[in-house]
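Trainee: Supplied structure: data_3.cif, mmCIF, C-alpha atoms and all ligand atoms.
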data_final
loop_
_atom_site.label_atom_id
_atom_site.label_comp_id
_atom_site.auth_asym_id
_atom_site.auth_seq_id
_atom_site.Cartn_x
_atom_site.Cartn_y
_atom_site.Cartn_z
CA MET V 1 71.61 83.43 79.09
CA SER V 2 74.05 80.58 78.48
CA CYS V 3 73.42 76.86 78.39
CA CYS V 4 71.95 75.12 81.43
CA GLU V 5 70.27 78.25 82.69
CA VAL V 6 66.68 79.20 83.17
CA ALA V 7 65.68 82.72 82.16
CA LEU V 8 65.88 85.06 85.09
CA SER V 9 62.57 86.61 86.04
CA SER V 10 62.19 90.00 87.66
CA GLU V 11 61.16 88.33 90.92
CA HIS V 12 63.78 89.16 93.53
CA LEU V 13 65.38 86.30 95.45
CA PRO V 14 67.38 86.68 98.66
CA GLY V 15 71.09 87.27 97.98
CA PRO V 16 73.98 85.55 99.77
CA ALA V 17 74.08 86.46 103.47
CA ALA V 18 75.74 89.81 104.08
CA ASP V 19 78.34 88.33 106.44
CA GLU V 20 79.32 85.66 103.92
CA ALA V 21 82.88 86.01 102.58
CA PRO V 22 82.83 86.37 98.78
CA LEU V 23 84.03 83.26 96.96
CA THR V 24 87.17 84.25 95.06
CA ALA V 25 90.21 82.48 93.61
CA VAL V 26 93.37 83.59 91.84
CA GLY V 27 95.26 81.54 89.27
CA GLU V 28 98.20 82.11 86.93
CA ARG V 29 96.39 84.08 84.25
CA VAL V 30 92.92 84.76 85.63
CA GLU V 31 91.04 85.46 88.79
CA VAL V 32 87.50 84.52 89.67
CA ARG V 33 85.15 86.58 91.80
CA PRO V 34 81.43 87.29 92.22
CA PRO V 35 79.94 89.94 89.94
CA SER V 36 79.58 93.52 91.10
CA THR V 37 78.17 96.77 89.70
CA ALA V 38 81.75 97.65 88.72
CA ASP V 39 81.53 94.87 86.08
CA ILE V 40 78.46 96.23 84.30
CA GLU V 41 80.36 98.28 81.73
CA SER V 42 82.99 95.65 80.92
CA TYR V 43 80.30 92.96 80.77
CA ALA V 44 78.34 94.98 78.20
CA ALA V 45 81.52 95.48 76.14
CA ALA V 46 82.53 91.81 76.42
CA VAL V 47 79.13 90.40 75.44
CA THR V 48 78.69 92.90 72.60
CA LEU V 49 82.08 91.96 71.19
CA SER V 50 81.28 88.22 71.43
CA GLU V 51 77.57 88.36 70.58
CA ARG V 52 77.66 86.66 67.20
CA ARG V 53 79.75 83.71 68.44
CA LEU V 54 77.70 83.25 71.61
CA ALA V 55 74.43 83.29 69.69
CA ASP V 56 75.13 79.82 68.24
CA PHE V 57 74.14 78.18 71.51
CA ALA V 58 73.01 80.90 73.91
CA MET V 59 70.97 84.09 74.12
CA PRO V 60 73.53 86.82 74.80
CA ASN V 61 72.27 89.99 76.41
CA PRO V 62 74.95 92.65 77.00
CA HIS V 63 72.68 94.48 79.43
CA ASN V 64 71.48 91.78 81.80
CA LEU V 65 74.21 91.93 84.44
CA PRO V 66 72.04 94.11 86.76
CA VAL V 67 69.38 91.38 86.67
CA VAL V 68 72.04 88.72 87.31
CA LEU V 69 73.28 90.77 90.28
CA ASP V 70 69.77 91.04 91.68
CA HIS V 71 69.32 87.30 91.52
CA GLN V 72 72.50 86.21 93.30
CA SER V 73 71.54 83.79 96.04
CA PRO V 74 72.83 80.56 97.61
CA THR V 75 71.03 78.69 94.84
CA TYR V 76 72.26 80.85 91.96
CA ARG V 77 75.82 82.14 92.04
CA THR V 78 77.73 83.80 89.28
CA PHE V 79 81.51 83.84 88.98
CA MET V 80 83.19 86.40 86.73
CA VAL V 81 86.53 85.37 85.22
CA HIS V 82 88.92 88.34 84.93
CA ALA V 83 92.22 88.40 83.05
CA LEU V 84 95.12 89.26 85.37
CA ASP V 85 96.77 90.95 82.41
CA PRO V 86 93.91 92.61 80.52
CA GLU V 87 94.63 93.60 76.96
CA ALA V 88 91.35 94.80 75.54
CA SER V 89 88.61 97.34 76.08
CA HIS V 90 87.55 95.07 78.94
CA GLY V 91 89.28 92.45 81.09
CA LEU V 92 86.45 89.96 81.24
CA VAL V 93 87.39 86.44 80.12
CA GLY V 94 84.05 84.85 80.89
CA ARG V 95 81.09 84.32 83.11
CA ILE V 96 80.12 81.11 84.92
CA ASN V 97 76.77 80.48 86.58
CA VAL V 98 76.32 77.81 89.21
CA ALA V 99 72.55 77.46 89.21
CA ASN V 100 69.84 75.15 90.50
CA VAL V 101 71.82 74.50 93.67
CA VAL V 102 70.06 71.94 95.80
CA GLU V 103 71.42 71.19 99.27
CA GLY V 104 70.58 68.30 101.61
CA ALA V 105 71.27 64.79 100.37
CA PHE V 106 71.69 66.08 96.79
CA ARG V 107 74.29 68.89 97.06
CA SER V 108 74.17 69.29 93.32
CA ALA V 109 74.05 72.12 90.77
CA THR V 110 74.26 72.89 87.07
CA VAL V 111 76.96 75.05 85.48
CA GLY V 112 76.46 77.35 82.53
CA TYR V 113 79.09 79.62 80.99
CA ASP V 114 80.29 81.86 78.17
CA SER V 115 83.77 83.08 77.30
CA TYR V 116 84.36 86.49 75.77
CA ASP V 117 86.42 87.87 72.92
CA PRO V 118 89.28 88.56 72.58
CA TYR V 119 90.19 86.01 75.30
CA ALA V 120 88.11 83.10 73.96
CA GLY V 121 90.00 80.08 72.70
CA ARG V 122 93.24 80.87 74.50
CA GLY V 123 92.96 78.61 77.51
CA LEU V 124 92.13 81.43 79.93
CA PHE V 125 88.52 80.45 80.35
CA VAL V 126 89.32 76.84 81.21
CA GLU V 127 91.59 78.12 83.98
CA GLY V 128 88.68 80.21 85.30
CA LEU V 129 86.32 77.24 85.20
CA ARG V 130 88.91 75.11 87.03
CA LEU V 131 89.21 77.76 89.79
CA THR V 132 85.41 77.98 90.00
CA LEU V 133 85.14 74.20 90.40
CA ASP V 134 87.70 74.44 93.23
CA LEU V 135 85.28 76.84 94.93
CA VAL V 136 82.20 74.77 94.09
CA PHE V 137 83.64 71.66 95.74
CA ALA V 138 85.47 73.32 98.67
CA ASP V 139 83.74 72.99 102.03
CA GLN V 140 81.66 75.90 103.26
CA PRO V 141 82.34 78.69 104.17
CA HIS V 142 85.33 78.82 101.79
CA GLY V 143 83.38 77.14 99.01
CA MET V 144 79.91 75.90 98.17
CA GLY V 145 80.40 72.39 99.58
CA LEU V 146 78.72 70.68 96.61
CA HIS V 147 79.08 67.01 95.71
CA ARG V 148 78.12 67.07 92.04
CA VAL V 149 77.88 69.48 89.14
CA GLU V 150 76.42 68.88 85.74
CA ALA V 151 76.92 70.70 82.45
CA ASN V 152 74.22 70.24 79.82
CA ILE V 153 75.57 70.78 76.34
CA GLN V 154 74.04 70.61 72.88
CA PRO V 155 75.66 67.77 70.91
CA ALA V 156 76.75 70.22 68.18
CA ASN V 157 78.66 72.31 70.73
CA HIS V 158 81.85 70.27 70.62
CA ARG V 159 83.98 73.17 71.92
CA SER V 160 82.02 73.25 75.13
CA ALA V 161 81.94 69.46 75.44
CA GLY V 162 85.72 69.33 74.82
CA LEU V 163 86.19 71.97 77.50
CA VAL V 164 84.38 69.99 80.22
CA ARG V 165 85.94 66.68 79.15
CA SER V 166 89.38 68.36 79.49
CA LEU V 167 88.44 69.06 83.12
CA GLY V 168 87.44 65.45 83.77
CA PHE V 169 83.65 65.66 83.43
CA VAL V 170 82.21 62.38 82.14
CA HIS V 171 79.37 61.91 79.70
CA GLU V 172 76.58 60.56 81.84
CA GLY V 173 73.53 60.81 79.67
CA PHE V 174 71.34 62.47 77.14
CA SER V 175 68.28 64.64 77.78
CA ARG V 176 65.72 65.11 75.02
CA ASP V 177 64.27 68.58 74.32
CA PHE V 178 66.05 69.80 77.43
CA LEU V 179 66.22 73.57 76.94
CA HIS V 180 64.48 76.04 74.66
CA LEU V 181 67.49 77.71 73.08
CA PRO V 182 69.05 78.66 69.76
CA GLY V 183 71.01 75.87 68.09
CA ILE V 184 73.50 75.60 65.28
CA ASP V 185 70.69 76.20 62.71
CA GLY V 186 70.03 79.64 64.25
CA ARG V 187 66.45 78.85 65.28
CA ARG V 188 65.16 78.87 68.82
CA ASP V 189 63.65 75.51 69.63
CA TRP V 190 63.66 72.70 72.19
CA ARG V 191 67.18 71.33 72.10
CA ASP V 192 68.50 67.92 73.05
CA HIS V 193 71.47 68.11 75.41
CA ASP V 194 74.23 65.76 76.48
CA ARG V 195 74.73 65.62 80.23
CA PHE V 196 78.30 65.77 81.55
CA THR V 197 78.95 65.45 85.26
CA LEU V 198 81.73 65.82 87.77
CA LEU V 199 81.81 64.69 91.40
CA SER V 200 83.67 66.25 94.31
CA THR V 201 85.24 62.83 94.88
CA ASP V 202 86.74 63.01 91.36
CA TRP V 203 88.17 66.47 91.89
CA PRO V 204 90.80 67.45 90.85
CA ALA V 205 89.91 65.08 88.05
CA VAL V 206 92.05 63.39 85.44
CA PRO V 207 91.58 65.25 82.12
CA TYR V 208 89.49 63.33 79.60
CA ARG V 209 88.67 60.83 82.34
CA PRO V 210 87.10 57.68 80.88
CA HIS V 211 83.51 57.04 81.85
CA GLY V 212 83.99 53.56 83.34
CA HIS V 213 80.88 51.99 81.81
CA ARG V 214 79.66 48.84 83.47
CA ARG V 215 79.89 45.92 81.01
CA ILE V 216 76.66 44.02 80.70
CA ALA V 217 75.80 40.87 78.78
CA CYS V 218 73.02 38.41 78.19
CA VAL V 219 72.57 35.37 76.03
CA VAL V 220 69.51 34.76 73.88
CA ASN V 221 69.00 31.19 72.74
CA GLY V 222 68.44 31.04 69.00
CA SER V 223 70.05 30.56 65.64
CA GLY V 224 70.02 34.26 64.99
CA SER V 225 68.41 33.79 61.58
CA THR V 226 65.72 36.30 62.52
CA ALA V 227 67.99 38.70 64.32
CA PHE V 228 67.17 41.59 62.04
CA GLY V 229 63.55 40.76 61.60
CA ALA V 230 64.12 38.66 58.47
CA TYR V 231 60.57 37.33 58.74
CA GLY V 232 58.99 40.67 59.41
CA GLY V 233 59.10 40.30 63.19
CA THR V 234 61.57 41.75 65.68
CA SER V 235 63.72 39.22 67.45
CA LEU V 236 64.13 39.45 71.20
CA ALA V 237 67.92 39.60 70.78
CA SER V 238 67.94 42.62 68.46
CA ALA V 239 65.22 44.42 70.43
CA LEU V 240 67.12 43.82 73.68
CA ALA V 241 70.39 45.09 72.20
CA ALA V 242 68.62 48.26 71.06
CA GLU V 243 66.88 48.75 74.43
CA LEU V 244 70.12 48.22 76.36
CA GLY V 245 72.21 50.25 73.90
CA ILE V 246 74.80 47.48 73.51
CA PRO V 247 75.97 45.50 70.44
CA LEU V 248 74.32 42.36 69.16
CA TYR V 249 76.64 39.44 68.41
CA THR V 250 74.64 36.87 66.55
CA ALA V 251 75.51 33.40 65.29
CA SER V 252 73.72 34.27 62.06
CA ILE V 253 76.71 36.46 61.17
CA VAL V 254 79.55 35.04 63.24
CA GLU V 255 79.31 31.27 63.06
CA SER V 256 82.38 30.41 65.12
CA PRO V 257 81.52 30.43 68.86
CA ALA V 258 85.13 31.36 69.65
CA THR V 259 84.86 34.51 67.51
CA LEU V 260 81.46 35.35 69.01
CA PHE V 261 82.88 35.35 72.53
CA GLU V 262 86.07 37.10 71.41
CA LEU V 263 83.90 39.94 70.09
CA LEU V 264 82.12 40.06 73.44
CA ARG V 265 85.47 40.05 75.26
CA VAL V 266 86.78 43.07 73.38
CA SER V 267 83.52 45.04 73.64
CA PRO V 268 83.95 47.78 76.26
CA VAL V 269 80.21 47.77 76.97
CA GLY V 270 79.42 44.04 76.67
CA GLY V 271 76.70 42.79 74.34
CA VAL V 272 73.77 40.53 73.60
CA VAL V 273 74.97 37.15 72.34
CA GLU V 274 72.50 35.22 70.24
CA CYS V 275 73.54 31.59 69.80
CA ARG V 276 72.48 28.01 70.35
CA LEU V 277 75.17 27.11 72.85
CA GLY V 278 74.64 25.77 76.30
CA GLY V 279 76.36 23.92 79.13
CA PRO V 280 80.14 24.05 79.51
CA GLU V 281 80.70 25.59 76.06
CA LEU V 282 78.54 28.61 76.93
CA ARG V 283 80.01 28.97 80.42
CA MET V 284 83.59 28.83 79.08
CA GLY V 285 82.79 31.36 76.37
CA LEU V 286 81.31 33.82 78.85
CA ALA V 287 84.22 33.34 81.26
CA ARG V 288 86.70 33.94 78.43
CA ALA V 289 84.77 37.12 77.60
CA GLY V 290 85.34 38.35 81.16
CA PHE V 291 81.91 37.61 82.65
CA GLU V 292 81.01 35.45 85.63
CA PRO V 293 78.81 32.88 83.78
CA SER V 294 76.30 32.48 86.60
CA GLY V 295 75.64 36.25 86.53
CA VAL V 296 74.74 36.41 82.83
CA PRO V 297 71.00 35.97 82.14
CA VAL V 298 70.14 33.38 79.49
CA LEU V 299 66.82 33.99 77.74
CA GLU V 300 64.74 31.97 75.31
CA GLY V 301 64.70 33.48 71.84
CA ALA V 302 61.44 34.74 70.40
CA THR V 303 60.14 36.94 67.62
CA ASP V 304 57.44 39.57 67.62
CA VAL V 305 58.07 40.26 71.27
CA SER V 306 55.96 43.02 72.79
CA ARG V 307 57.70 46.21 73.90
CA ARG V 308 56.54 45.45 77.44
CA GLU V 309 58.38 42.11 77.37
CA VAL V 310 61.53 43.62 75.84
CA VAL V 311 61.68 46.30 78.54
CA ARG V 312 60.96 43.76 81.29
CA HIS V 313 63.86 41.56 80.08
CA ALA V 314 66.21 44.53 79.63
CA LEU V 315 65.54 45.74 83.18
CA ALA V 316 66.22 42.25 84.52
CA VAL V 317 69.50 42.10 82.55
CA ARG V 318 70.57 45.47 84.01
CA ALA V 319 69.60 44.32 87.49
CA ALA V 320 71.66 41.14 87.08
CA HIS V 321 74.75 43.29 86.57
CA ALA V 322 73.99 45.84 89.29
C1 LIG Y 401 82.52 76.89 75.26
C2 LIG Y 401 83.38 78.11 75.51
C3 LIG Y 401 82.98 78.75 76.84
C4 LIG Y 401 84.84 77.66 75.60
O1 LIG Y 401 85.62 78.80 75.85
P1 LIG Y 401 87.11 78.97 75.28
O2 LIG Y 401 87.50 80.37 75.56
O3 LIG Y 401 87.19 78.45 73.90
O4 LIG Y 401 87.88 77.98 76.23
P2 LIG Y 401 89.45 77.84 76.46
O5 LIG Y 401 90.22 78.41 75.33
O6 LIG Y 401 89.80 78.30 77.82
O7 LIG Y 401 89.49 76.27 76.55
C5 LIG Y 401 90.14 75.52 75.65
C6 LIG Y 401 89.74 74.09 75.85
O8 LIG Y 401 88.43 73.90 75.35
C7 LIG Y 401 88.36 72.68 74.64
N1 LIG Y 401 88.14 72.93 73.21
C8 LIG Y 401 88.25 74.09 72.55
N2 LIG Y 401 87.94 73.91 71.27
C9 LIG Y 401 87.62 72.63 71.11
C10 LIG Y 401 87.19 71.84 70.01
N3 LIG Y 401 87.03 72.37 68.79
N4 LIG Y 401 86.94 70.52 70.23
C11 LIG Y 401 87.10 69.99 71.45
N5 LIG Y 401 87.52 70.70 72.52
C12 LIG Y 401 87.75 72.01 72.35
C13 LIG Y 401 89.68 72.03 74.81
O9 LIG Y 401 89.65 71.25 75.97
C14 LIG Y 401 90.60 73.20 75.01
O10 LIG Y 401 91.74 72.83 75.68
P3 LIG Y 401 93.08 72.57 74.79
O11 LIG Y 401 93.31 73.89 74.08
O12 LIG Y 401 94.06 72.21 75.83
O13 LIG Y 401 92.74 71.48 73.84
C15 LIG Y 401 83.28 79.15 74.36
O14 LIG Y 401 83.54 78.49 73.15
C16 LIG Y 401 81.94 79.83 74.28
O15 LIG Y 401 81.73 80.88 74.88
N6 LIG Y 401 81.02 79.27 73.45
C17 LIG Y 401 79.74 79.92 73.17
C18 LIG Y 401 78.77 79.84 74.34
C19 LIG Y 401 78.64 78.43 74.82
O16 LIG Y 401 78.68 77.51 74.04
N7 LIG Y 401 78.48 78.29 76.14
C20 LIG Y 401 78.37 76.98 76.76
C21 LIG Y 401 77.06 76.37 76.47
S1 LIG Y 401 77.04 74.70 77.08
#
Taking this structure as input, can you express it in the form of structure tokens?
Ligand SMILES: CC(C)(COP(=O)(O)OP(=O)(O)OC[C@H]1O[C@@H](n2cnc3c(N)ncnc32)[C@H](O)[C@@H]1OP(=O)(O)O)[C@@H](O)C(=O)NCCC(=O)NCCS

Mentor:
Amino acid sequence: MSCCEVALSSEHLPGPAADEAPLTAVGERVEVRPPSTADIESYAAAVTLSERRLADFAMPNPHNLPVVLDHQSPTYRTFMVHALDPEASHGLVGRINVANVVEGAFRSATVGYDSYDPYAGRGLFVEGLRLTLDLVFADQPHGMGLHRVEANIQPANHRSAGLVRSLGFVHEGFSRDFLHLPGIDGRRDWRDHDRFTLLSTDWPAVPYRPHGHRRIACVVNGSGSTAFGAYGGTSLASALAAELGIPLYTASIVESPATLFELLRVSPVGGVVECRLGGPELRMGLARAGFEPSGVPVLEGATDVSRREVVRHALAVRAAHA
């Protein structure tokens, strides 16, 4: 079992329709095709050879291909990546699962994968994943006709995250305690995962595609002297910045208004500006920072604000930039 997968039970699901053409693709160094009983031996050799490396983030089982075969269905498809020029006891470069396929208005799925020794780390697997994504996004019946795929990756698994970023996936979010899996410490536990996604409309995507965050800003009236809870309370400005996940630019640290707005201008995500400006000076500052002044909420500063109030303000700030 690799990342993003649920454990397969022994319950038998319907397989792809018998008249359905198998989804296959051939590239320069690898080819991708659905698994078959002919792969069972090479799969066992490949996983056994790679077991120790895979165990950092997955639960390798050299003998589970028959179960995987039994479970193939329109909602759970496996793609085996084969080397065109095999050089080892087996020719298997990797395995990719496209699971949790939901049709209708969603047309979305999750991908999970492993690459096998001795092919791992040589750029063969990424070619196989690229070919698989071609199939995932191609219209039916030549592909799966999906609109979106997501890869959920433990933050410590930078190889896997680098792999999907190189294919143009973007980091969309973070899911707490997402899967019960081994992690870098060797223990099995609930593991946080980063969520990377790719859309059919992006594909073929620009490698390392930037996320394109929306910049958001708000102004909190105040001197900023209590920005970090100097009097034991939490200021609205600092609580809002934390809730929105954007920087706080406060007049208590940056006294010059020009510098305050210059910091906001260069921030790729925007920020919360805490200052005592108003009127034309505030509007000019916001405009110089790249915001339409009338679209930036201006709030009254306060300390010891309840969480309910902070969240209510943060949601309104997000909505103002929607
Ligand atoms: C993740 C995994 C499938 C990648 O397979 P691989 O065989 O190393 O992949 P490839 O050699 O084809 O891909 C290389 C690409 O991966 C990325 N990559 C590899 N190592 C990286 C690193 N240390 N940091 C960032 N990106 C890295 C790069 O984009 C690299 O392309 P580049 O060489 O042009 O820079 C493999 O490491 C693996 O099986 N890991 C264990 C199981 C696992 O983690 N599964 C996924 C769970 S989410």

Trainee: Choose the residue, out of V:Glu172, V:Glu274, V:Asp114, V:Asp177, that has the smallest atom-to-atom separation from Glu51 in chain V; count all atoms listed in the file.

Mentor: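 So, comparing all the options, the nearest one is V:Asp114.
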
Trainee: Within 12 Å of Gly91 in chain V, counting only C-alpha atoms, which residues qualify if same-chain residues fewer than 3 places away don't, as a ChimeraX atom specification?

Mentor: /V:29-32,38-47,80-88,94-95,115-120,124

Trainee: Return as JSON, numbers by chain every polymer residue, whether protein, DNA or RNA, with at least one atom no more than 7 Å from an atom of ligand LIG 401 (chain Y); count all atoms listed in the file.

Mentor: {"V": [2, 3, 4, 53, 54, 56, 57, 58, 112, 113, 114, 115, 116, 119, 120, 121, 122, 123, 124, 125, 126, 127, 151, 152, 153, 154, 157, 158, 159, 160, 161, 162, 163, 164, 165, 166]}

Trainee: Those same residues, written as a compact mmCIF listing (two decimals), in the frame of the given file with C-alpha atoms?

Mentor:
# COMPACT_ATOMS: atom_id res chain seq x y z
CA SER V 2 74.05 80.58 78.48
CA CYS V 3 73.42 76.86 78.39
CA CYS V 4 71.95 75.12 81.43
CA ARG V 53 79.75 83.71 68.44
CA LEU V 54 77.70 83.25 71.61
CA ASP V 56 75.13 79.82 68.24
CA PHE V 57 74.14 78.18 71.51
CA ALA V 58 73.01 80.90 73.91
CA GLY V 112 76.46 77.35 82.53
CA TYR V 113 79.09 79.62 80.99
CA ASP V 114 80.29 81.86 78.17
CA SER V 115 83.77 83.08 77.30
CA TYR V 116 84.36 86.49 75.77
CA TYR V 119 90.19 86.01 75.30
CA ALA V 120 88.11 83.10 73.96
CA GLY V 121 90.00 80.08 72.70
CA ARG V 122 93.24 80.87 74.50
CA GLY V 123 92.96 78.61 77.51
CA LEU V 124 92.13 81.43 79.93
CA PHE V 125 88.52 80.45 80.35
CA VAL V 126 89.32 76.84 81.21
CA GLU V 127 91.59 78.12 83.98
CA ALA V 151 76.92 70.70 82.45
CA ASN V 152 74.22 70.24 79.82
CA ILE V 153 75.57 70.78 76.34
CA GLN V 154 74.04 70.61 72.88
CA ASN V 157 78.66 72.31 70.73
CA HIS V 158 81.85 70.27 70.62
CA ARG V 159 83.98 73.17 71.92
CA SER V 160 82.02 73.25 75.13
CA ALA V 161 81.94 69.46 75.44
CA GLY V 162 85.72 69.33 74.82
CA LEU V 163 86.19 71.97 77.50
CA VAL V 164 84.38 69.99 80.22
CA ARG V 165 85.94 66.68 79.15
CA SER V 166 89.38 68.36 79.49

Trainee: Contacts of Ala314 in chain V at 7 Å or less, counting only C-alpha atoms, minus same-chain residues fewer than 4 places along, as a VMD selection string?

Mentor: chain V and resid 240 243 to 244 310 318

Trainee: CA of Glu150 in chain V and CA of Arg191 in chain V, how far apart in Å?

Mentor: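 CA of Glu150 in chain V lies at a distance of 16.7 Å from CA of Arg191 in chain V.
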
Trainee: Separation of CA of Leu133 in chain V and CA of Val111 in chain V, in Å?

Mentor: 9.6 Å

Trainee: Just the residues within 10 Å of His313 in chain V, please, counting only C-alpha atoms, with nothing from its chain fewer than 2 positions along; format it as a list in words.

Mentor: Cys218, Leu236, Leu240, Glu243, Leu244, Pro297, Leu299, Arg307, Arg308, Glu309, Val310, Val311, Leu315, Ala316, Val317, Arg318 and Ala319 of chain V

Trainee: Take CA of Thr201 in chain V and CA of Glu20 in chain V and report the distance between them in Å, one decimal.

Mentor: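 CA of Thr201 in chain V sits 25.3 Å away from CA of Glu20 in chain V.
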
Trainee: Would you mind telling me which residue in V:Pro22, V:Gly270, V:Pro155, V:Pro247 lies nearest to His213 in chain V when using all atoms listed in the file?

Mentor: V:Gly270

Trainee: Take every atom of range 256-260 of chain V listed in the file, pad by 3 Å on each side, and give me the axis-aligned box centre and edge lengths in Å, one decimal, as AutoDock Vina command-line options.

Mentor:
--center_x 83.3 --center_y 32.9 --center_z 67.4 --size_x 9.7 --size_y 10.9 --size_z 10.5

Trainee: Please determine, counting only C-alpha atoms, which residue among V:Val266, V:Ile253, V:Val220, V:Val93 has the shortest atom-to-atom distance to Val298 in chain V.

Mentor: V:Val220

Trainee: So that I can check the surroundings of Arg107 in chain V, please list as a PDB file with C-alpha atoms, in the coordinates of the input every protein, DNA and RNA residue that reaches within 9 Å of it, counting all atoms listed in the file and ignoring chain neighbours fewer than 2 positions away.

Mentor:
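Output (result.pdb):
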ATOM      1  CA  VAL V 101      71.820  74.500  93.670  1.00  0.00           C
ATOM      2  CA  VAL V 102      70.060  71.940  95.800  1.00  0.00           C
ATOM      3  CA  GLU V 103      71.420  71.190  99.270  1.00  0.00           C
ATOM      4  CA  GLY V 104      70.580  68.300 101.610  1.00  0.00           C
ATOM      5  CA  ALA V 105      71.270  64.790 100.370  1.00  0.00           C
ATOM      6  CA  ALA V 109      74.050  72.120  90.770  1.00  0.00           C
ATOM      7  CA  GLY V 145      80.400  72.390  99.580  1.00  0.00           C
ATOM      8  CA  LEU V 146      78.720  70.680  96.610  1.00  0.00           C
ATOM      9  CA  HIS V 147      79.080  67.010  95.710  1.00  0.00           C
ATOM     10  CA  ARG V 148      78.120  67.070  92.040  1.00  0.00           C
ATOM     11  CA  VAL V 149      77.880  69.480  89.140  1.00  0.00           C
TER      12      VAL V 149
END

Trainee: For Arg52 in chain V, which of V:Glu255, V:Gly186, V:Leu167, V:Ser175 is the closest residue, counting only C-alpha atoms?

Mentor: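 Counting only C-alpha atoms, the residue closest to Arg52 in chain V is V:Gly186.
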
Trainee: Give as a list of chain:residue names each residue that has an atom at most 9 Å from (68.2, 33.3, 66.1) in the file, counting only C-alpha atoms.

Mentor: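 Output: V:Val220, V:Asn221, V:Gly222, V:Ser223, V:Gly224, V:Ser225, V:Thr226, V:Ala227, V:Ser235, V:Leu236, V:Ala237, V:Thr250, V:Ala251, V:Ser252, V:Glu274, V:Cys275, V:Arg276, V:Gly301, V:Ala302, V:Thr303.
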
Trainee: Which residue is closest to Phe261 in chain V? Choose from V:Pro66, V:Pro207, V:Gly168, V:Gly285 and count only C-alpha atoms.

Mentor: V:Gly285

Trainee: Just give me the residues with any atom within 9 Å of (80.1, 37.7, 77.9), file coordinates, counting only C-alpha atoms, written as a ChimeraX atom specification.

Mentor: /V:215-219,261-265,270-273,285-293,296

Trainee: Complete the atoms of range 62-72 of chain V to N, CA, C and O atoms and put them out as a PDB file, in the coordinates of the input.

Mentor:
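File rebuild_10.pdb, as written:
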ATOM      1  N   PRO V  62      73.876  91.838  76.407  1.00  0.00           N
ATOM      2  CA  PRO V  62      74.950  92.650  77.000  1.00  0.00           C
ATOM      3  C   PRO V  62      74.490  93.455  78.209  1.00  0.00           C
ATOM      4  O   PRO V  62      75.323  93.926  78.974  1.00  0.00           O
ATOM      5  N   HIS V  63      73.174  93.568  78.389  1.00  0.00           N
ATOM      6  CA  HIS V  63      72.680  94.480  79.430  1.00  0.00           C
ATOM      7  C   HIS V  63      72.022  93.778  80.606  1.00  0.00           C
ATOM      8  O   HIS V  63      71.326  94.403  81.400  1.00  0.00           O
ATOM      9  N   ASN V  64      72.219  92.470  80.728  1.00  0.00           N
ATOM     10  CA  ASN V  64      71.480  91.780  81.800  1.00  0.00           C
ATOM     11  C   ASN V  64      72.276  91.565  83.081  1.00  0.00           C
ATOM     12  O   ASN V  64      71.804  90.886  83.987  1.00  0.00           O
ATOM     13  N   LEU V  65      73.475  92.157  83.192  1.00  0.00           N
ATOM     14  CA  LEU V  65      74.210  91.930  84.440  1.00  0.00           C
ATOM     15  C   LEU V  65      73.470  92.477  85.672  1.00  0.00           C
ATOM     16  O   LEU V  65      73.478  91.815  86.719  1.00  0.00           O
ATOM     17  N   PRO V  66      72.790  93.657  85.586  1.00  0.00           N
ATOM     18  CA  PRO V  66      72.040  94.110  86.760  1.00  0.00           C
ATOM     19  C   PRO V  66      71.013  93.075  87.235  1.00  0.00           C
ATOM     20  O   PRO V  66      70.842  92.864  88.436  1.00  0.00           O
ATOM     21  N   VAL V  67      70.356  92.406  86.291  1.00  0.00           N
ATOM     22  CA  VAL V  67      69.380  91.380  86.670  1.00  0.00           C
ATOM     23  C   VAL V  67      70.096  90.196  87.329  1.00  0.00           C
ATOM     24  O   VAL V  67      69.655  89.649  88.345  1.00  0.00           O
ATOM     25  N   VAL V  68      71.240  89.822  86.741  1.00  0.00           N
ATOM     26  CA  VAL V  68      72.040  88.720  87.310  1.00  0.00           C
ATOM     27  C   VAL V  68      72.449  89.090  88.742  1.00  0.00           C
ATOM     28  O   VAL V  68      72.365  88.254  89.662  1.00  0.00           O
ATOM     29  N   LEU V  69      72.862  90.322  88.940  1.00  0.00           N
ATOM     30  CA  LEU V  69      73.280  90.770  90.280  1.00  0.00           C
ATOM     31  C   LEU V  69      72.134  90.664  91.269  1.00  0.00           C
ATOM     32  O   LEU V  69      72.303  90.195  92.395  1.00  0.00           O
ATOM     33  N   ASP V  70      70.962  91.084  90.818  1.00  0.00           N
ATOM     34  CA  ASP V  70      69.770  91.040  91.680  1.00  0.00           C
ATOM     35  C   ASP V  70      69.419  89.633  92.107  1.00  0.00           C
ATOM     36  O   ASP V  70      68.791  89.430  93.137  1.00  0.00           O
ATOM     37  N   HIS V  71      69.750  88.671  91.270  1.00  0.00           N
ATOM     38  CA  HIS V  71      69.320  87.300  91.520  1.00  0.00           C
ATOM     39  C   HIS V  71      70.355  86.444  92.252  1.00  0.00           C
ATOM     40  O   HIS V  71      70.129  85.249  92.455  1.00  0.00           O
ATOM     41  N   GLN V  72      71.499  87.031  92.603  1.00  0.00           N
ATOM     42  CA  GLN V  72      72.500  86.210  93.300  1.00  0.00           C
ATOM     43  C   GLN V  72      71.904  85.686  94.605  1.00  0.00           C
ATOM     44  O   GLN V  72      71.273  86.428  95.355  1.00  0.00           O
TER      45      GLN V  72
END
